[in-house]
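Asker: First the structure, then my questions, so here it is.
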Amino acid sequence: MWCSVDLRDGNQALAVPMNVSQKLELFEALVRCGFKEIEVGFPAASNTEFAFLRRLIEDKRIPDDVTVQVLVQAREDLIERTVESLMGVRQAIIHLYNSTSPAQRRIVFGLDKPDIVRIAQRGTRWIKERLPRLAGSNIRFQYSPESFSATEVEFAVEICEAVMAEWGPTKERPLILNLPDTVEVAMPNIYADQIEWFIRNLKHREAAIISLHTHNDRGTGTAATELGLLAGADRVEGTLFGNGERTGNLDIVTVALNLYMNGIHPGLDFSNMSRLVEVYERCTGMTVPPRQPYGGELVFTAFSGSHQDAIRKGLREWESRQAGGHSATWDIPYLTIDPSDIGREYREVIRVNSQSGKGGVAYLLEDEFGIELPKEMQREFGPIANDEVDRMGREVTALELKAMLWKEYIDRIQPLQLVGFRTESVDGNVSCVAKLNKAGRAVEIRGQGNGPIAAFVHALTSDGTPMFEVASYSEHALSAGEGASAIAYIQVKVKDGRTRWGAGVDTNIELASIKAVVSALNRLVG
Ligand code: KIV
Ligand code: ZN
């Protein structure tokens, strides 16, 4: 069971608390995520909080399967106002709290344990006495011994049992005992031990739902909640992205998606994470840091070359296994879940800066423009692009990488530029006439071979170009919208064993390959 406390614990921690319309928008976002219990505020604390709840009830904005929760201290006037705020609600949880730790008892209340227990019992009674006024509503009850994790566990059990005795819960109508790690004061296993001890020693455990409410002072709110669940708790309170007092409440998104990662559907829907982040940031004025688990902009991104390479291979394997109709388990290096499950795009995964390698460069060119550089050519172009990116000192876009590829290969017209190319074929023998601009001089050359490329190689070498051979050749169509329809890649090899790649684009595949030969020769001398 999940309960969002964004509109109460999260809200009370904001420098500028949310206004009614911001709260309404965030409430709707929480409902879209699938929260069935939402703490909507502390209605007795301010007019805004009261007005917000009235708006939810009077405008019938609370879905039938959602229960709103309201917080109140154990003071009769505040309880009275809280009951007024709930008039007409279909179902609600009234959440009573008082603080129980030795420091709070001594410093804030100046009271001993029996008086602290009496505060909790009195508060419970005041709420119970007013239930007939809410007769048409399904009202449940939650009690929190605030600062539970800093409280002696024996005393926590004692006060909770006193509250239970006052309220009279049953297995069929349990109360919620919410056990807050109000301030993280120990390692998460200690909190879990406290939860386990509490559960083992509570009388009438069957009449209580055990709820966790962790904060993040030691940065272990998630761990404390996960261990608390293993210790036997039933319910989790938290906020989106961990908003809340000081270092924040538990980030409920993280715990839910950690379960999801392990194959347990949490029953919460984060399939449009970007929209959720956008609504959250606008309503709360907070920002989601780029490395926030799951929600952050960079959490699926790899800049490092070796990571990119592994991810690229993993995604290929995943795609081909799926295309082959095999039921595949997500198991891709460096990606804990499929980013598309939370509405993120694969194109965010691989981004290129000076730490990236040929794999990332090749991935972006292919993904964005359908340019499938041959493997060996990737080895040549990768370092060229990397040097350029290093010089620029920042992340580069796929468009910038394409411009680098064009500058290095396609746009090379020195010392050779192809001006025209014609072929004739007789009985499988091809003759060609090529017009070239050779270092500023117009020349026309002729050659023969068993295909246009062979004929062109013959024409060039007959004209005095040092002997070379075509070592590799490949070509493919380019994505629609790229203007030219085909790209050809050619690797030439000269006598001393040196090789160079060239590339050419044209609407005519034959011309693309001839241009690729010219590009490779230009790069040999350039
Ligand atoms: O952190 C806390 O202890 C609280 C209580 C009011 C539940 O927010
Ligand atoms: Zn709290």
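Labeling convention for the structure tokens: chains A, B, ... as they appear, residues from 1 per chain, ligands from 1 in order of appearance.
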Let me have all residues with an atom within 9 Å of ligand 1, counting only C-alpha atoms and all ligand atoms, laid out as an MDAnalysis selection string.

Answerer: chainID A and resid 5 8:9 71:73 95:99 143:148 178:183 213:215 237 244:245 249

Asker: Might you pull out every residue within 9 Å of region 274-283 of chain A, with only C-alpha atoms counted and same-chain residues fewer than 5 positions away left off, and present them as a list of chain:residue names?

Answerer: A:Met18, A:Asn19, A:Ser21, A:Gln22, A:Lys23, A:Glu25, A:Leu26, A:Ala29, A:Leu30, A:Cys33, A:Leu240, A:Phe241, A:Val288, A:Gly295, A:Gly296, A:Glu297, A:Ile342, A:Gly343, A:Arg344

Asker: List as a list in words the protein and nucleic acid residues near Arg32 (chain A), meaning an atom at most 10 Å away when only C-alpha atoms are counted, but skip any in the same chain fewer than 5 places from it.

Answerer: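 Surrounding residues, per the criterion: Leu26, Phe27, Leu268, Asp269, Phe270, Asn272 and Leu276 of chain A.
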
Asker: Selection from above, C-alpha atoms, as an mmCIF file, in the first residue's frame, can you write it?

Answerer:
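Written out: part_30.cif:
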```cif
data_model
loop_
_atom_site.group_PDB
_atom_site.id
_atom_site.type_symbol
_atom_site.label_atom_id
_atom_site.label_comp_id
_atom_site.auth_asym_id
_atom_site.auth_seq_id
_atom_site.Cartn_x
_atom_site.Cartn_y
_atom_site.Cartn_z
ATOM 1 C CA LEU A 26 -0.428 17.829 -8.148
ATOM 2 C CA PHE A 27 -3.350 15.895 -6.655
ATOM 3 C CA LEU A 268 1.858 2.613 -9.446
ATOM 4 C CA ASP A 269 2.143 3.989 -12.945
ATOM 5 C CA PHE A 270 5.224 6.034 -13.847
ATOM 6 C CA ASN A 272 5.090 9.158 -18.350
ATOM 7 C CA LEU A 276 5.312 13.838 -13.939
#
```

Asker: To one decimal in Å, tell me the separation between CA of Pro289 (chain A) and CA of Gly41 (chain A).

Answerer: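 Those two atoms sit 25.6 Å apart.
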
Asker: Would you pick out the contacts of region 447-453 of chain A at 7 Å or less, using only C-alpha atoms, so that residues sharing its chain but fewer than 5 positions from it are not included, and give the list as a list of chain:residue names?

Answerer: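 Residues near the query, excluding close chain neighbours: A:Thr423, A:Gly428, A:Asn429, A:Val430, A:Ser431, A:Cys432, A:Val433, A:His458, A:Ala459, A:Ile514.
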
Asker: Could those residues be written to a file, using N, CA, C and O atoms, as a tab-separated table (two decimals), in the first residue's frame?

Answerer:
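Result written to out27.tsv:
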```tsv
chain	number	residue	atom	x	y	z
A	423	THR	N	29.21	5.55	-68.13
A	423	THR	CA	29.68	4.18	-68.40
A	423	THR	C	28.92	3.60	-69.58
A	423	THR	O	27.81	4.04	-69.90
A	428	GLY	N	29.24	-7.50	-70.43
A	428	GLY	CA	29.79	-7.57	-69.07
A	428	GLY	C	31.06	-6.75	-68.88
A	428	GLY	O	31.56	-6.62	-67.77
A	429	ASN	N	31.57	-6.17	-69.97
A	429	ASN	CA	32.75	-5.30	-69.84
A	429	ASN	C	32.30	-3.85	-69.78
A	429	ASN	O	31.53	-3.40	-70.63
A	430	VAL	N	32.77	-3.17	-68.78
A	430	VAL	CA	32.33	-1.77	-68.60
A	430	VAL	C	33.46	-0.83	-68.97
A	430	VAL	O	34.61	-1.01	-68.58
A	431	SER	N	33.12	0.18	-69.81
A	431	SER	CA	34.09	1.25	-70.08
A	431	SER	C	33.54	2.52	-69.47
A	431	SER	O	32.33	2.74	-69.46
A	432	CYS	N	34.45	3.34	-68.96
A	432	CYS	CA	33.97	4.59	-68.36
A	432	CYS	C	34.74	5.79	-68.87
A	432	CYS	O	35.89	5.68	-69.32
A	433	VAL	N	34.06	6.92	-68.82
A	433	VAL	CA	34.71	8.22	-69.08
A	433	VAL	C	34.41	9.07	-67.86
A	433	VAL	O	33.25	9.27	-67.50
A	458	HIS	N	40.85	1.65	-62.99
A	458	HIS	CA	41.73	1.50	-64.14
A	458	HIS	C	42.02	2.85	-64.79
A	458	HIS	O	43.17	3.19	-65.12
A	459	ALA	N	40.97	3.67	-64.96
A	459	ALA	CA	41.14	4.99	-65.58
A	459	ALA	C	42.10	5.85	-64.77
A	459	ALA	O	43.00	6.50	-65.31
A	514	ILE	N	31.52	5.92	-56.91
A	514	ILE	CA	32.65	6.58	-57.58
A	514	ILE	C	33.14	7.75	-56.71
A	514	ILE	O	34.34	7.97	-56.51
```

Asker: Do you know which residues are at most 9 Å from Ile311 (chain A) counting only C-alpha atoms, after dropping those on the same chain fewer than 4 positions away, and could you put them as a PyMOL selection string?

Answerer: chain A and resi 302+306-307+315-316+332-335+349-350

Asker: If DSSP is run on the backbone, what residues of region 86-322 of chain A are helix (DSSP H, G or I)? A reply as a VMD selection string would be ideal.

Answerer: chain A and resid 102 to 109 113 to 134 148 to 150 153 to 167 188 to 201 205 to 207 221 to 230 240 to 242 252 to 261 273 to 284 305 to 322

Asker: Quick one: everything within 10 Å of Met87 (chain A), counting only C-alpha atoms, minus sequence neighbours fewer than 2 positions away in the same chain. Send it as a ChimeraX atom specification.

Answerer: /A:53-54,57-58,82-85,89-90,133-137

Asker: Closest to Leu202 (chain A) among A:Ala156, A:Ala120, A:Leu229, A:Pro169, using only C-alpha atoms?

Answerer: A:Ala156

Asker: I'd like to know which of A:Arg118, A:Lys128, A:Arg205, A:Arg246 is closest to ligand 2, using only C-alpha atoms and all ligand atoms.

Answerer: A:Arg246

Asker: Rank A:Val255, A:Leu298, A:Ile195, A:Val396 by their smallest atom-to-atom distance to Ser356 (chain A), using only C-alpha atoms, and report the top residue only.

Answerer: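 Among the listed residues, the smallest separation from Ser356 (chain A) belongs to A:Val396.
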
Asker: Give me, as a ChimeraX atom specification, the residues of region 115-340 of chain A that a backbone DSSP run labels strand (DSSP E).

Answerer: /A:138-146,175-181,208-214,235-238

Asker: Would you put the residues from that selection into a file with N, CA, C and O atoms, as a short mmCIF file (atom, residue, chain, number, x, y, z; two decimals), in the first residue's frame?

Answerer:
```
data_model
loop_
_atom_site.label_atom_id
_atom_site.label_comp_id
_atom_site.auth_asym_id
_atom_site.auth_seq_id
_atom_site.Cartn_x
_atom_site.Cartn_y
_atom_site.Cartn_z
N ASN A 138 -16.93 6.98 5.24
CA ASN A 138 -16.13 5.85 5.73
C ASN A 138 -14.83 6.44 6.28
O ASN A 138 -13.94 6.81 5.51
N ILE A 139 -14.74 6.54 7.61
CA ILE A 139 -13.57 7.18 8.23
C ILE A 139 -12.67 6.11 8.85
O ILE A 139 -13.12 5.29 9.66
N ARG A 140 -11.41 6.15 8.45
CA ARG A 140 -10.43 5.26 9.06
C ARG A 140 -9.49 6.13 9.91
O ARG A 140 -9.52 7.35 9.83
N PHE A 141 -8.67 5.43 10.69
CA PHE A 141 -7.85 6.17 11.65
C PHE A 141 -6.38 5.73 11.54
O PHE A 141 -6.09 4.55 11.39
N GLN A 142 -5.50 6.73 11.60
CA GLN A 142 -4.06 6.45 11.59
C GLN A 142 -3.43 7.15 12.77
O GLN A 142 -3.72 8.32 13.05
N TYR A 143 -2.52 6.45 13.44
CA TYR A 143 -1.77 7.09 14.52
C TYR A 143 -0.28 6.97 14.25
O TYR A 143 0.22 5.90 13.88
N SER A 144 0.44 8.10 14.45
CA SER A 144 1.91 8.09 14.32
C SER A 144 2.56 8.50 15.62
O SER A 144 2.33 9.62 16.11
N PRO A 145 3.38 7.62 16.21
CA PRO A 145 4.25 8.08 17.29
C PRO A 145 5.42 8.81 16.64
O PRO A 145 6.40 8.18 16.23
N GLU A 146 5.28 10.11 16.49
CA GLU A 146 6.31 10.86 15.75
C GLU A 146 7.66 10.66 16.44
O GLU A 146 7.70 10.47 17.66
N LEU A 175 -6.69 -0.24 12.23
CA LEU A 175 -6.17 1.13 12.18
C LEU A 175 -4.78 1.07 11.54
O LEU A 175 -4.23 -0.03 11.35
N ILE A 176 -4.27 2.22 11.18
CA ILE A 176 -2.91 2.26 10.61
C ILE A 176 -1.97 2.78 11.69
O ILE A 176 -2.24 3.82 12.30
N LEU A 177 -0.92 2.02 11.95
CA LEU A 177 0.14 2.53 12.83
C LEU A 177 1.30 2.91 11.94
O LEU A 177 1.93 2.06 11.30
N ASN A 178 1.54 4.21 11.89
CA ASN A 178 2.59 4.74 11.01
C ASN A 178 3.81 5.02 11.87
O ASN A 178 3.73 5.75 12.86
N LEU A 179 4.93 4.39 11.53
CA LEU A 179 6.11 4.43 12.42
C LEU A 179 7.23 5.26 11.78
O LEU A 179 8.06 4.74 11.03
N PRO A 180 7.27 6.54 12.10
CA PRO A 180 8.16 7.42 11.35
C PRO A 180 9.63 7.36 11.76
O PRO A 180 9.97 7.30 12.93
N ASP A 181 10.45 7.38 10.72
CA ASP A 181 11.88 7.65 10.88
C ASP A 181 11.95 9.17 10.68
O ASP A 181 12.47 9.65 9.68
N ALA A 208 -3.91 -4.11 12.91
CA ALA A 208 -3.12 -2.91 12.56
C ALA A 208 -2.43 -3.08 11.22
O ALA A 208 -1.92 -4.16 10.90
N ILE A 209 -2.46 -2.02 10.46
CA ILE A 209 -1.66 -1.95 9.23
C ILE A 209 -0.38 -1.21 9.63
O ILE A 209 -0.44 -0.11 10.19
N ILE A 210 0.77 -1.84 9.37
CA ILE A 210 2.02 -1.21 9.79
C ILE A 210 2.58 -0.41 8.60
O ILE A 210 2.84 -0.94 7.53
N SER A 211 2.75 0.88 8.87
CA SER A 211 3.13 1.82 7.80
C SER A 211 4.52 2.41 8.08
O SER A 211 4.86 2.70 9.23
N LEU A 212 5.29 2.58 7.02
CA LEU A 212 6.63 3.16 7.15
C LEU A 212 6.60 4.60 6.66
O LEU A 212 5.91 4.92 5.69
N HIS A 213 7.37 5.45 7.34
CA HIS A 213 7.42 6.87 6.94
C HIS A 213 8.85 7.31 7.19
O HIS A 213 9.19 7.69 8.31
N THR A 214 9.69 7.17 6.18
CA THR A 214 11.10 7.50 6.42
C THR A 214 11.47 8.84 5.81
O THR A 214 10.93 9.25 4.79
N ARG A 235 2.83 -0.98 4.47
CA ARG A 235 2.44 0.25 3.79
C ARG A 235 3.62 1.22 3.80
O ARG A 235 4.43 1.18 4.73
N VAL A 236 3.66 2.07 2.77
CA VAL A 236 4.78 3.02 2.64
C VAL A 236 4.24 4.42 2.41
O VAL A 236 3.42 4.64 1.53
N GLU A 237 4.72 5.36 3.22
CA GLU A 237 4.42 6.77 2.95
C GLU A 237 5.67 7.42 2.38
O GLU A 237 6.79 7.13 2.79
N GLY A 238 5.47 8.31 1.43
CA GLY A 238 6.62 9.01 0.85
C GLY A 238 6.14 10.05 -0.13
O GLY A 238 4.94 10.29 -0.30
#
```

Asker: Hey, which of A:Gly285, A:Gly221, A:Pro339, A:Pro383 ends up closest to ligand 2? Count only C-alpha atoms and all ligand atoms.

Answerer: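 Counting only C-alpha atoms and all ligand atoms, the residue closest to ligand 2 is A:Gly221.
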
Asker: Measuring between only C-alpha atoms and all ligand atoms, which one of A:Glu196, A:Ala442, A:Leu250, A:Met404 shows the shortest distance to ligand 2?

Answerer: A:Leu250

Asker: With only C-alpha atoms as the counted atoms, please give the residues lying no more than 10 Å from Arg200 (chain A), apart from itself and same-chain residues fewer than 6 positions off, as a ChimeraX atom specification.

Answerer: /A:194,231-232

Asker: Please save all heavy atoms of the selected residues as a PDB file, in the first residue's frame.

Answerer:
```
ATOM      1  N   GLN A 194      13.861  -2.182  14.441  1.00  0.00           N
ATOM      2  CA  GLN A 194      12.811  -1.585  15.293  1.00  0.00           C
ATOM      3  C   GLN A 194      11.418  -1.981  14.780  1.00  0.00           C
ATOM      4  O   GLN A 194      10.521  -2.312  15.559  1.00  0.00           O
ATOM      5  CB  GLN A 194      12.953  -0.049  15.286  1.00  0.00           C
ATOM      6  CG  GLN A 194      14.195   0.429  16.038  1.00  0.00           C
ATOM      7  CD  GLN A 194      14.492   1.901  15.768  1.00  0.00           C
ATOM      8  OE1 GLN A 194      14.380   2.379  14.637  1.00  0.00           O
ATOM      9  NE2 GLN A 194      14.875   2.623  16.804  1.00  0.00           N
ATOM     10  N   ALA A 231      11.119  -6.340   6.849  1.00  0.00           N
ATOM     11  CA  ALA A 231      10.886  -6.644   8.270  1.00  0.00           C
ATOM     12  C   ALA A 231       9.409  -6.882   8.562  1.00  0.00           C
ATOM     13  O   ALA A 231       9.054  -7.235   9.683  1.00  0.00           O
ATOM     14  CB  ALA A 231      11.412  -5.503   9.136  1.00  0.00           C
ATOM     15  N   GLY A 232       8.551  -6.671   7.560  1.00  0.00           N
ATOM     16  CA  GLY A 232       7.144  -7.036   7.762  1.00  0.00           C
ATOM     17  C   GLY A 232       6.125  -5.926   7.628  1.00  0.00           C
ATOM     18  O   GLY A 232       4.939  -6.160   7.879  1.00  0.00           O
TER      19      GLY A 232
END
```

Asker: Have a look at A:Leu373, A:Met164, A:Ile190, A:Leu7 and name the one nearest to ligand 2; count only C-alpha atoms and all ligand atoms.

Answerer: A:Leu7

Asker: Please report the interatomic distance between CA of Lys36 (chain A) and CA of Cys3 (chain A) in Å with one decimal.

Answerer: 7.1 Å

Asker: May I ask for the distance between CA of Pro466 (chain A) and CA of Arg441 (chain A), given in Å to one decimal place?

Answerer: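 Distance reported for this atom pair: 18.4 Å.
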